[in-house]
Amino acid sequence: MSVLQKIAEIEAEMARTQKNKATAGHLGMLKAKLAKLRRELIEPSGGGGGGGKGDGFEVNKVGDARVGMVGFPSVGKSTLLTKLTGTFSEAAAYEFTTLTCVPGMIRYRGAKIQLLDLPGIIEGAKDGKGRGRQVIATARTCSLIIIVLDCLKPITHKRLIEHELEGFGIRLNKKPPEITFKKKDKGGINFTTTVSDPKVDLDTVKRVLGEYRIHNADIHMRGDYEVDDVVDVIEGSRIYIPCIYAINKIDQITLEELKVMSKLPHYCPVSSFHEWNLDGLVEMIWRYLNLTRVYTKPKGKLPDWSDPVVLPSDKCTVEQFCNKLHKAIIKQFKYALVWGTSAKHRASGDLAKKKTYPALYFLFKNKFLPENTHIIGYARSSLTNEELRDRVSPHLKGSEDDVRAFLGICTYVAGSYDEDSGFQKLEAVLAGIEAQHPGSPLGRLYYLALPPTVYPTVCKGLKQHCDSISDVDSNWIRIIIEKPFGRDTDSAEELAEQLGALYPEEQLYRIDHYLGKEMLQNLFVLRFSNTLFSLLWSRENIASVQITFKEDFGTQGRGGYFDSFGIIRDMIATHLSQILAFVAMEKPATLHPDDIRDEKLKLLRSVRPVRPEDCVLGQYVGKGTEPGYLDDPTVPEGSKTPTFASMILGINNDRWAGVPFIIKAGKALSQRKADIRIQLRQPPTFIFPGDAEYLRNEIVVRLQPDEAIYAKIVVKSPGLDMGTEMSELDLDYRRRFPGVVIPDAYSGLILEAIRGDQQHFLRRDELRAAWSIFTPLLNAIDEGKVPIHEYEFGSRGPAEADVLLNRTGYKRPVDYVWSLNHLSLKKKDK
């Protein structure tokens with residue numbers, strides 16, 4: 001009896017056998033026999049028609065992934081290949097289908113995807129018949145299979161093709177079963193499962209294993225699986241491939257039929273002749289391939305976003321990355337510094353997960369978001385809605401109901417930043433949501449957390465494809481963009497010019513999250529609503545002002561990014577210059593955003609550009625187990641980028657003439673804090689014991705951590721004499737407002753953007769004024785004209801910075817350190 005006859009006989013017996021628990025073992029044994037016979041059929045020991053084991057067509061595997069198109073003749077595979085890749089693949093006039101495998105190449109999102117047009121002769125492949133076996137043998141080498149179907153043909157064509165592929169050991173859109181199988185020398189069959197009432201019992205497992213003459217083995221199932229899954233694991237030759245069903249010729253069916261078809265899982269309706277929805281098919285291919293782009297970053301430079309190394313997400317390792325470049329690299333590899341999605345690049349990244357989505361969740365939970373708000377993440381990552389929600393949910397704090405309700409309004413669209421198709425798809429999603437609320441006011445807030453180099457490209461895509469909102473007074477579109485806003489005056493102006501050509505200033509919201517901090521906004525109220533402080537706020541009473549930002553950690557592997565900017569560009573020219581403006585600006589006429597920003601602009605224009613002699617720069621070196629800046633492997637060898645800067649600024653106006661403003665920022669210092677310290681002049685005469693020079697009043701605004709405002713004052717020491725000591729009048733937020741949650745700065749700023757309030761966002765002219773203060777100094781630093789002083793990790797910074805501070809006349813109070821521990825808890829008044 002031939003193999004085909006044996007297969008037919010077993011299939012007939014299986015069809016006759018009733019399926020129940022009593023026959024499960026017998027059916028399992030029959031399936032095992034059938035699997036062995038099919039393996040024998042499709043992998044013959046000798047020669048024969050159709051080629052030997054695994055033989056397919058002679059097509060070199062090139063590119064980052066391989067996609068195979070299979071289907072019956074005349075379904076339009078050849079036309080699809082031609083339209084998608086530009087490769088000519090038409091059947092000859094005397095043939096009814098192509099008889100060879102024709103390859104083409106899709107270039108999408110930096111990846112090269114090989115597309116194979118396989119001949120339309122596959123029926124009988126599972127039985128070892130002719131060229132069909134070669135077709136499916138080649139399909140087994142693919143990362144993705146597209147089954148091309150004619151929407152006018154019976155659905156049985158789909159089932160026939162699936163049956164052929166399944167018979168050849170290809171499992172479509174399935175995950176490998178979590179079944180552990182291990183042979184052993186003795187001990188019999190040990191079968192365990194995590195399911196209380198499994199579909200497969202011990203007797204069935206023994207019957208299946210007996211067919212393979214296996215009598216000693218351990219088998220463990222982590223789930224409820226069928227006997228077919230057990231056979232697959234034992235056979236070991238099954239492959240699991242994602243599959244897309246491309247339904248062609250949709251130009252010949254009704255819209256109602258198309259709507260039904262588009263809702264089916266894994267389906268993608270297209271018309272290869274009219275080129276309908278080919279972009280959607282390519283995007284679906286990208287999503288199903290689940291590829292990861294890895295960008296190389298030369299030392300001291302930004303990552304090369306133009307030429308990624310593309311790897312399968314499940315094989316995205318350093319070794320695979322090296323082998324993709326050249327197999328010899330891994331042998332010489334010493335260390336790897338790898339980080340995931342960049343913090344400011346995409347909706348699936350760290351900024352989105354840790355800041356943006358939690359900020360939106362806070363607004364949602366406290367009912368600040370408008371009714372019918374939808375939140376759509378857009379990025380290059382291939383994610384489903386559920387995958388996005390899984391990434392975001394660990395960062396949301398609150399009840400399960402609140403989190404679930406919030407995630408219900410969060411969806412995701414994958415698309416490129418430089419291709420029209422992505423923005424067109426985003427616009428279709430936006431339009432679909434807005435169509436559900438006819439007559440309601442519409443607003444679109446685009447939050448861009450991206451490298452500044454792609455802002456113009458992204459804004460152009462939004463303007464061309466996502467700007468179709470109806471032009472009525474109640475509707476609006478606004479754009480939030482994250483820093484850095486350039487590297488100096490010229491680059492900032494160039495970026496502003498490019499964005500300004502697309503969107504007017506009233507639609508652009510340049511976000512600086514320090515402007516959203518509770519204590520900085522409180523300083524604004526403190527200054528302009530309390531006569532006590534407003535009378536003090538001038539050169540007659542104030543001796544100096546310090547604005548300090550300290551971090552107690554180094555670059556932590558982000559040295560490559562930091563090295564391209566440095567501490568002045570990263571912190572001082574942005575965050576701290578805005579704090580300076582709030583401290584020193586004049587009182588605005590009203591709370592209108594333009595009035596506030598006009599006063600900030602006047603102040604920034606009054607600040608003299610920083611001179612090199614008024615600045616001390618530093619770079620931290622290692623101490624103990626803590627590495628130095630140059631020890632970071634991402635930092636260029638011999639880099640002169642400062643990690644610390646202290647500088648004296650002067651303001652040319654009547655209020656502040658002669659008052660030194662000391663701005664200080666640094667990494668790897670002794671503590672983490674950000675504060676504003678305003679030291680008043682000493683009294684003209686001092687009649688009490690002690691040195692008045694070191695008993696000066698100070699007003700301190702502590703921005704982080706432990707938000708507080710306190711004034712250092714001189715009081716009488718307890719006791720019988722008239723001794724003095726420093727104490728404080730304090731507003732400690734944790735004690736004064738117990739239980740009150742201070743919202744994250746991003747929450748307040750996003751809410752202001754929704755409301756159209758720009759008072760805490762940077763305007764183009766004030767950005768230009770801020771850069772003009774620091775650009776001459778930055779040019780001198782880049783030219784190597786300003787010395788860089790070393791300081792130890794965990795220290796207060798370079799000793800030269802203390803010398804600079806002493807020049808300003810600042811006097812450090814003796815024997816006084818503010819801390820939360822020494823603030824007394826006051827009893828409630830009775």
# chains A, B, ... in the order shown; residues from 1 in each chain; ligands from 1
call {"tool": "residues_around", "arguments": {"residues": "Pro743 of chain A", "least_positions_apart": "2", "cutoff": "10 Å", "atoms": "only C-alpha atoms", "output": "short mmCIF file (atom, residue, chain, number, x, y, z; two decimals) with C-alpha atoms, in the first residue's frame"}}
result
data_model
loop_
_atom_site.label_atom_id
_atom_site.label_comp_id
_atom_site.auth_asym_id
_atom_site.auth_seq_id
_atom_site.Cartn_x
_atom_site.Cartn_y
_atom_site.Cartn_z
CA ALA A 359 -0.63 63.82 33.42
CA PHE A 362 -4.77 63.06 36.43
CA LEU A 363 -6.85 65.50 34.39
CA GLY A 516 4.34 74.52 35.35
CA LYS A 517 5.91 73.88 38.75
CA GLU A 518 3.68 74.84 41.66
CA VAL A 740 -3.36 67.94 49.01
CA VAL A 741 -1.83 66.37 45.91
CA ALA A 745 3.77 70.26 36.04
CA TYR A 746 2.73 68.50 32.82
CA SER A 747 -0.88 68.21 34.00
CA GLY A 748 -1.24 71.94 34.50
#
call {"tool": "closest_atom_pairs", "arguments": {"of": "segment 607-680 of chain A", "to": "segment 764-785 of chain A", "cutoff": "10 Å", "atoms": "only C-alpha atoms", "output": "Markdown table"}}
result
| residue | atom | partner | partner_atom | distance |
| --- | --- | --- | --- | --- |
| A:Val607 | CA | A:Ile773 | CA | 6.8 |
| A:Arg608 | CA | A:Ile773 | CA | 6.4 |
| A:Pro609 | CA | A:Ile773 | CA | 4.1 |
| A:Val610 | CA | A:Phe774 | CA | 6.1 |
| A:Arg611 | CA | A:Leu777 | CA | 6.3 |
| A:Pro612 | CA | A:Leu777 | CA | 6.1 |
| A:Glu613 | CA | A:Leu777 | CA | 9.8 |
| A:Asp614 | CA | A:Leu777 | CA | 9.9 |
| A:Cys615 | CA | A:Leu777 | CA | 8.8 |
| A:Leu617 | CA | A:Ile781 | CA | 9.3 |
| A:Lys640 | CA | A:Gly784 | CA | 8.0 |
| A:Thr641 | CA | A:Ile781 | CA | 8.4 |
| A:Pro642 | CA | A:Ile781 | CA | 8.9 |
| A:Leu649 | CA | A:Ile773 | CA | 9.1 |
call {"tool": "write_last_selection", "arguments": {"atoms": "all heavy atoms", "output": "tab-separated table (two decimals), in the first residue's frame"}}
result
chain	number	residue	atom	x	y	z
A	607	VAL	N	19.09	91.70	30.16
A	607	VAL	CA	20.20	90.91	30.73
A	607	VAL	C	21.41	91.01	29.80
A	607	VAL	O	21.30	90.77	28.59
A	607	VAL	CB	19.78	89.44	30.93
A	607	VAL	CG1	20.95	88.64	31.50
A	607	VAL	CG2	18.57	89.35	31.84
A	608	ARG	N	22.57	91.35	30.38
A	608	ARG	CA	23.79	91.43	29.58
A	608	ARG	C	24.25	90.02	29.19
A	608	ARG	O	24.14	89.09	30.00
A	608	ARG	CB	24.92	92.09	30.38
A	608	ARG	CG	24.69	93.56	30.70
A	608	ARG	CD	25.97	94.18	31.27
A	608	ARG	NE	26.38	93.50	32.49
A	608	ARG	CZ	26.02	93.88	33.72
A	608	ARG	NH1	25.22	94.93	33.87
A	608	ARG	NH2	26.45	93.24	34.77
A	609	PRO	N	24.75	89.84	27.97
A	609	PRO	CA	25.33	88.53	27.60
A	609	PRO	C	26.44	88.16	28.58
A	609	PRO	O	27.20	89.01	29.05
A	609	PRO	CB	25.89	88.77	26.19
A	609	PRO	CG	25.07	89.91	25.66
A	609	PRO	CD	24.77	90.79	26.85
A	610	VAL	N	26.52	86.88	28.89
A	610	VAL	CA	27.49	86.39	29.88
A	610	VAL	C	28.90	86.46	29.29
A	610	VAL	O	29.14	86.00	28.17
A	610	VAL	CB	27.16	84.94	30.30
A	610	VAL	CG1	28.10	84.50	31.43
A	610	VAL	CG2	25.71	84.82	30.74
A	611	ARG	N	29.84	86.99	30.08
A	611	ARG	CA	31.24	87.06	29.67
A	611	ARG	C	31.98	85.83	30.18
A	611	ARG	O	31.66	85.32	31.28
A	611	ARG	CB	31.90	88.32	30.20
A	611	ARG	CG	31.24	89.62	29.77
A	611	ARG	CD	31.89	90.81	30.43
A	611	ARG	NE	31.82	90.72	31.89
A	611	ARG	CZ	32.36	91.62	32.71
A	611	ARG	NH1	33.02	92.66	32.23
A	611	ARG	NH2	32.24	91.47	34.03
A	612	PRO	N	32.95	85.31	29.47
A	612	PRO	CA	33.72	84.14	29.94
A	612	PRO	C	34.32	84.34	31.32
A	612	PRO	O	34.37	83.39	32.12
A	612	PRO	CB	34.79	83.97	28.86
A	612	PRO	CG	34.19	84.54	27.63
A	612	PRO	CD	33.36	85.70	28.11
A	613	GLU	N	34.77	85.56	31.64
A	613	GLU	CA	35.38	85.79	32.95
A	613	GLU	C	34.36	85.77	34.09
A	613	GLU	O	34.75	85.72	35.27
A	613	GLU	CB	36.13	87.13	32.96
A	613	GLU	CG	35.30	88.33	32.62
A	613	GLU	CD	35.37	88.69	31.14
A	613	GLU	OE1	35.52	87.77	30.31
A	613	GLU	OE2	35.26	89.89	30.83
A	614	ASP	N	33.08	85.81	33.76
A	614	ASP	CA	32.04	85.73	34.78
A	614	ASP	C	31.43	84.33	34.86
A	614	ASP	O	30.31	84.17	35.36
A	614	ASP	CB	30.93	86.74	34.47
A	614	ASP	CG	31.38	88.18	34.64
A	614	ASP	OD1	32.30	88.41	35.44
A	614	ASP	OD2	30.83	89.06	33.94
A	615	CYS	N	32.17	83.35	34.40
A	615	CYS	CA	31.63	81.98	34.34
A	615	CYS	C	32.70	80.98	34.77
A	615	CYS	O	33.88	81.13	34.44
A	615	CYS	CB	31.16	81.68	32.92
A	615	CYS	SG	30.55	80.00	32.69
A	617	LEU	N	33.26	76.80	34.59
A	617	LEU	CA	32.77	75.54	34.04
A	617	LEU	C	33.46	74.37	34.71
A	617	LEU	O	34.62	74.49	35.14
A	617	LEU	CB	33.01	75.49	32.53
A	617	LEU	CG	32.43	76.63	31.69
A	617	LEU	CD1	32.81	76.43	30.22
A	617	LEU	CD2	30.92	76.71	31.85
A	640	LYS	N	35.24	68.01	26.06
A	640	LYS	CA	35.35	69.21	26.89
A	640	LYS	C	33.97	69.79	27.20
A	640	LYS	O	33.85	70.97	27.56
A	640	LYS	CB	36.20	70.26	26.18
A	640	LYS	CG	37.64	69.85	25.94
A	640	LYS	CD	38.39	69.60	27.24
A	640	LYS	CE	39.85	69.23	27.00
A	640	LYS	NZ	40.55	68.96	28.29
A	641	THR	N	32.95	68.98	27.08
A	641	THR	CA	31.60	69.45	27.37
A	641	THR	C	31.43	69.65	28.88
A	641	THR	O	31.72	68.75	29.66
A	641	THR	CB	30.55	68.45	26.87
A	641	THR	OG1	30.65	68.35	25.46
A	641	THR	CG2	29.14	68.88	27.24
A	642	PRO	N	30.98	70.82	29.32
A	642	PRO	CA	30.82	71.05	30.77
A	642	PRO	C	29.60	70.33	31.34
A	642	PRO	O	28.53	70.31	30.73
A	642	PRO	CB	30.66	72.57	30.86
A	642	PRO	CG	30.12	72.99	29.54
A	642	PRO	CD	30.69	72.03	28.53
A	649	LEU	N	25.18	86.96	36.21
A	649	LEU	CA	24.45	87.75	35.22
A	649	LEU	C	24.11	89.11	35.81
A	649	LEU	O	23.86	89.23	37.02
A	649	LEU	CB	23.15	87.05	34.79
A	649	LEU	CG	23.24	85.98	33.71
A	649	LEU	CD1	23.99	84.76	34.20
A	649	LEU	CD2	21.84	85.56	33.25
call {"tool": "residues_around", "arguments": {"residues": "segment 464-474 of chain A", "least_positions_apart": "5", "cutoff": "7 Å", "atoms": "only C-alpha atoms", "output": "PDB file with all heavy atoms, in the first residue's frame"}}
result
ATOM      1  N   PHE A 423       0.181  60.038   8.220  1.00  0.00           N
ATOM      2  CA  PHE A 423      -0.659  61.175   8.588  1.00  0.00           C
ATOM      3  C   PHE A 423      -2.057  61.046   7.991  1.00  0.00           C
ATOM      4  O   PHE A 423      -3.041  61.482   8.598  1.00  0.00           O
ATOM      5  CB  PHE A 423       0.003  62.477   8.131  1.00  0.00           C
ATOM      6  CG  PHE A 423       1.286  62.774   8.862  1.00  0.00           C
ATOM      7  CD1 PHE A 423       2.509  62.629   8.239  1.00  0.00           C
ATOM      8  CD2 PHE A 423       1.258  63.181  10.192  1.00  0.00           C
ATOM      9  CE1 PHE A 423       3.685  62.893   8.917  1.00  0.00           C
ATOM     10  CE2 PHE A 423       2.427  63.449  10.869  1.00  0.00           C
ATOM     11  CZ  PHE A 423       3.654  63.314  10.230  1.00  0.00           C
ATOM     12  N   GLN A 424      -2.150  60.437   6.817  1.00  0.00           N
ATOM     13  CA  GLN A 424      -3.473  60.211   6.222  1.00  0.00           C
ATOM     14  C   GLN A 424      -4.289  59.238   7.083  1.00  0.00           C
ATOM     15  O   GLN A 424      -5.493  59.424   7.278  1.00  0.00           O
ATOM     16  CB  GLN A 424      -3.309  59.676   4.799  1.00  0.00           C
ATOM     17  CG  GLN A 424      -2.773  60.716   3.811  1.00  0.00           C
ATOM     18  CD  GLN A 424      -2.320  60.102   2.501  1.00  0.00           C
ATOM     19  OE1 GLN A 424      -2.254  58.873   2.363  1.00  0.00           O
ATOM     20  NE2 GLN A 424      -1.985  60.948   1.538  1.00  0.00           N
ATOM     21  N   GLU A 427      -5.414  61.111  10.175  1.00  0.00           N
ATOM     22  CA  GLU A 427      -6.540  61.987   9.869  1.00  0.00           C
ATOM     23  C   GLU A 427      -7.836  61.191   9.739  1.00  0.00           C
ATOM     24  O   GLU A 427      -8.896  61.640  10.209  1.00  0.00           O
ATOM     25  CB  GLU A 427      -6.266  62.758   8.577  1.00  0.00           C
ATOM     26  CG  GLU A 427      -7.458  63.519   8.011  1.00  0.00           C
ATOM     27  CD  GLU A 427      -7.995  64.576   8.965  1.00  0.00           C
ATOM     28  OE1 GLU A 427      -7.215  65.060   9.827  1.00  0.00           O
ATOM     29  OE2 GLU A 427      -9.187  64.913   8.854  1.00  0.00           O
ATOM     30  N   PRO A 441     -18.288  71.420  19.480  1.00  0.00           N
ATOM     31  CA  PRO A 441     -17.011  72.111  19.225  1.00  0.00           C
ATOM     32  C   PRO A 441     -15.869  71.095  19.162  1.00  0.00           C
ATOM     33  O   PRO A 441     -15.858  70.108  19.901  1.00  0.00           O
ATOM     34  CB  PRO A 441     -16.870  73.040  20.437  1.00  0.00           C
ATOM     35  CG  PRO A 441     -18.229  73.144  21.022  1.00  0.00           C
ATOM     36  CD  PRO A 441     -18.923  71.860  20.720  1.00  0.00           C
TER      37      PRO A 441
END
call {"tool": "select_by_dssp", "arguments": {"residues": "segment 505-580 of chain A", "states": "helix (DSSP H, G or I)", "output": "number ranges by chain"}}
result
A: 505-507, 513-516, 518-529, 531-534, 559-563, 566-580
call {"tool": "write_last_selection", "arguments": {"atoms": "N, CA and C atoms", "output": "CSV table (one decimal), in the first residue's frame"}}
result
chain,number,residue,atom,x,y,z
A,505,GLU,N,1.9,81.9,15.6
A,505,GLU,CA,2.4,81.8,17.0
A,505,GLU,C,1.4,81.5,18.0
A,506,GLU,N,0.1,81.9,17.7
A,506,GLU,CA,-0.9,81.6,18.7
A,506,GLU,C,-1.3,80.1,18.7
A,507,GLN,N,-0.8,79.3,17.8
A,507,GLN,CA,-1.1,77.9,17.8
A,507,GLN,C,0.1,77.1,18.3
A,513,HIS,N,8.6,72.5,31.3
A,513,HIS,CA,7.8,72.0,32.4
A,513,HIS,C,8.1,72.8,33.7
A,514,TYR,N,9.3,73.5,33.8
A,514,TYR,CA,9.6,74.2,35.0
A,514,TYR,C,8.6,75.4,35.2
A,515,LEU,N,8.0,75.9,34.1
A,515,LEU,CA,7.0,76.9,34.2
A,515,LEU,C,5.7,76.4,34.8
A,516,GLY,N,5.5,75.1,34.8
A,516,GLY,CA,4.3,74.5,35.4
A,516,GLY,C,4.5,74.1,36.8
A,518,GLU,N,4.5,74.1,40.7
A,518,GLU,CA,3.7,74.8,41.7
A,518,GLU,C,4.4,76.0,42.4
A,519,MET,N,5.6,75.8,42.8
A,519,MET,CA,6.3,76.8,43.6
A,519,MET,C,6.7,78.0,42.7
A,520,LEU,N,7.1,77.8,41.5
A,520,LEU,CA,7.4,78.9,40.6
A,520,LEU,C,6.2,79.8,40.4
A,521,GLN,N,5.0,79.1,40.2
A,521,GLN,CA,3.8,79.9,40.0
A,521,GLN,C,3.4,80.6,41.3
A,522,ASN,N,3.7,80.0,42.4
A,522,ASN,CA,3.5,80.6,43.7
A,522,ASN,C,4.3,81.8,43.9
A,523,LEU,N,5.6,81.8,43.4
A,523,LEU,CA,6.4,83.0,43.5
A,523,LEU,C,5.8,84.2,42.8
A,524,PHE,N,5.2,83.9,41.7
A,524,PHE,CA,4.5,85.0,40.9
A,524,PHE,C,3.4,85.6,41.8
A,525,VAL,N,2.6,84.8,42.5
A,525,VAL,CA,1.6,85.3,43.4
A,525,VAL,C,2.2,86.0,44.6
A,526,LEU,N,3.2,85.4,45.2
A,526,LEU,CA,3.9,86.0,46.3
A,526,LEU,C,4.4,87.4,46.1
A,527,ARG,N,5.0,87.6,44.9
A,527,ARG,CA,5.6,88.9,44.6
A,527,ARG,C,4.6,90.0,44.4
A,528,PHE,N,3.5,89.6,43.6
A,528,PHE,CA,2.7,90.7,43.2
A,528,PHE,C,1.3,90.8,44.0
A,529,SER,N,1.2,90.1,45.1
A,529,SER,CA,0.0,90.2,45.9
A,529,SER,C,0.3,90.5,47.3
A,531,THR,N,2.3,93.1,49.8
A,531,THR,CA,3.1,94.4,49.9
A,531,THR,C,4.4,94.1,50.6
A,532,LEU,N,4.4,93.2,51.6
A,532,LEU,CA,5.6,92.9,52.3
A,532,LEU,C,6.8,92.5,51.4
A,533,PHE,N,6.5,91.7,50.3
A,533,PHE,CA,7.5,91.3,49.4
A,533,PHE,C,7.8,92.3,48.3
A,534,SER,N,6.7,92.9,47.8
A,534,SER,CA,6.8,93.8,46.6
A,534,SER,C,7.7,95.0,47.0
A,559,GLY,N,25.3,59.9,28.2
A,559,GLY,CA,26.3,60.9,27.9
A,559,GLY,C,26.4,61.3,26.5
A,560,GLY,N,26.1,60.4,25.5
A,560,GLY,CA,26.2,60.8,24.1
A,560,GLY,C,25.2,61.9,23.8
A,561,TYR,N,24.0,61.8,24.3
A,561,TYR,CA,23.0,62.8,24.1
A,561,TYR,C,23.4,64.1,24.8
A,562,PHE,N,23.8,64.0,26.1
A,562,PHE,CA,24.1,65.2,26.8
A,562,PHE,C,25.3,65.9,26.2
A,563,ASP,N,26.3,65.1,25.7
A,563,ASP,CA,27.5,65.7,25.2
A,563,ASP,C,27.3,66.6,24.0
A,566,GLY,N,25.4,69.8,26.5
A,566,GLY,CA,26.0,70.4,27.7
A,566,GLY,C,25.1,71.0,28.6
A,567,ILE,N,25.6,71.4,29.8
A,567,ILE,CA,24.7,71.8,30.9
A,567,ILE,C,24.1,73.2,30.6
A,568,ILE,N,24.8,74.1,29.9
A,568,ILE,CA,24.2,75.4,29.6
A,568,ILE,C,23.0,75.3,28.7
A,569,ARG,N,23.2,74.6,27.6
A,569,ARG,CA,22.1,74.4,26.6
A,569,ARG,C,21.0,73.6,27.2
A,570,ASP,N,21.3,72.6,28.0
A,570,ASP,CA,20.3,71.6,28.5
A,570,ASP,C,19.5,72.2,29.6
A,571,MET,N,20.1,73.1,30.5
A,571,MET,CA,19.4,73.5,31.7
A,571,MET,C,19.3,75.1,31.8
A,572,ILE,N,20.4,75.7,31.6
A,572,ILE,CA,20.5,77.1,32.0
A,572,ILE,C,19.8,78.0,30.9
A,573,ALA,N,20.1,77.8,29.7
A,573,ALA,CA,19.5,78.6,28.6
A,573,ALA,C,18.0,78.4,28.4
A,574,THR,N,17.5,77.3,29.0
A,574,THR,CA,16.1,77.0,28.9
A,574,THR,C,15.4,77.2,30.3
A,575,HIS,N,15.4,76.2,31.1
A,575,HIS,CA,14.7,76.2,32.4
A,575,HIS,C,15.1,77.4,33.3
A,576,LEU,N,16.4,77.5,33.5
A,576,LEU,CA,16.8,78.5,34.5
A,576,LEU,C,16.6,80.0,34.1
A,577,SER,N,16.8,80.2,32.7
A,577,SER,CA,16.5,81.5,32.3
A,577,SER,C,15.1,81.9,32.4
A,578,GLN,N,14.1,81.0,32.3
A,578,GLN,CA,12.7,81.3,32.5
A,578,GLN,C,12.5,81.6,34.0
A,579,ILE,N,13.1,80.8,34.9
A,579,ILE,CA,13.0,81.1,36.3
A,579,ILE,C,13.5,82.5,36.6
A,580,LEU,N,14.7,82.9,36.0
A,580,LEU,CA,15.2,84.2,36.2
A,580,LEU,C,14.2,85.3,35.8
call {"tool": "residues_around", "arguments": {"residues": "Leu27 of chain A", "least_positions_apart": "2", "cutoff": "12 Å", "atoms": "only C-alpha atoms", "output": "JSON, numbers by chain"}}
result
{"A": [10, 11, 12, 13, 14, 15, 16, 17, 18, 19, 20, 21, 22, 23, 24, 25, 29, 30, 31, 32, 33, 34, 200, 203, 204, 205, 207, 208, 211, 226, 227, 228, 231]}
call {"tool": "closest_residue", "arguments": {"among": "A:Leu80, A:Val195, A:Val135, A:Val659", "to": "Thr100 of chain A", "atoms": "only C-alpha atoms"}}
result
A:Val135
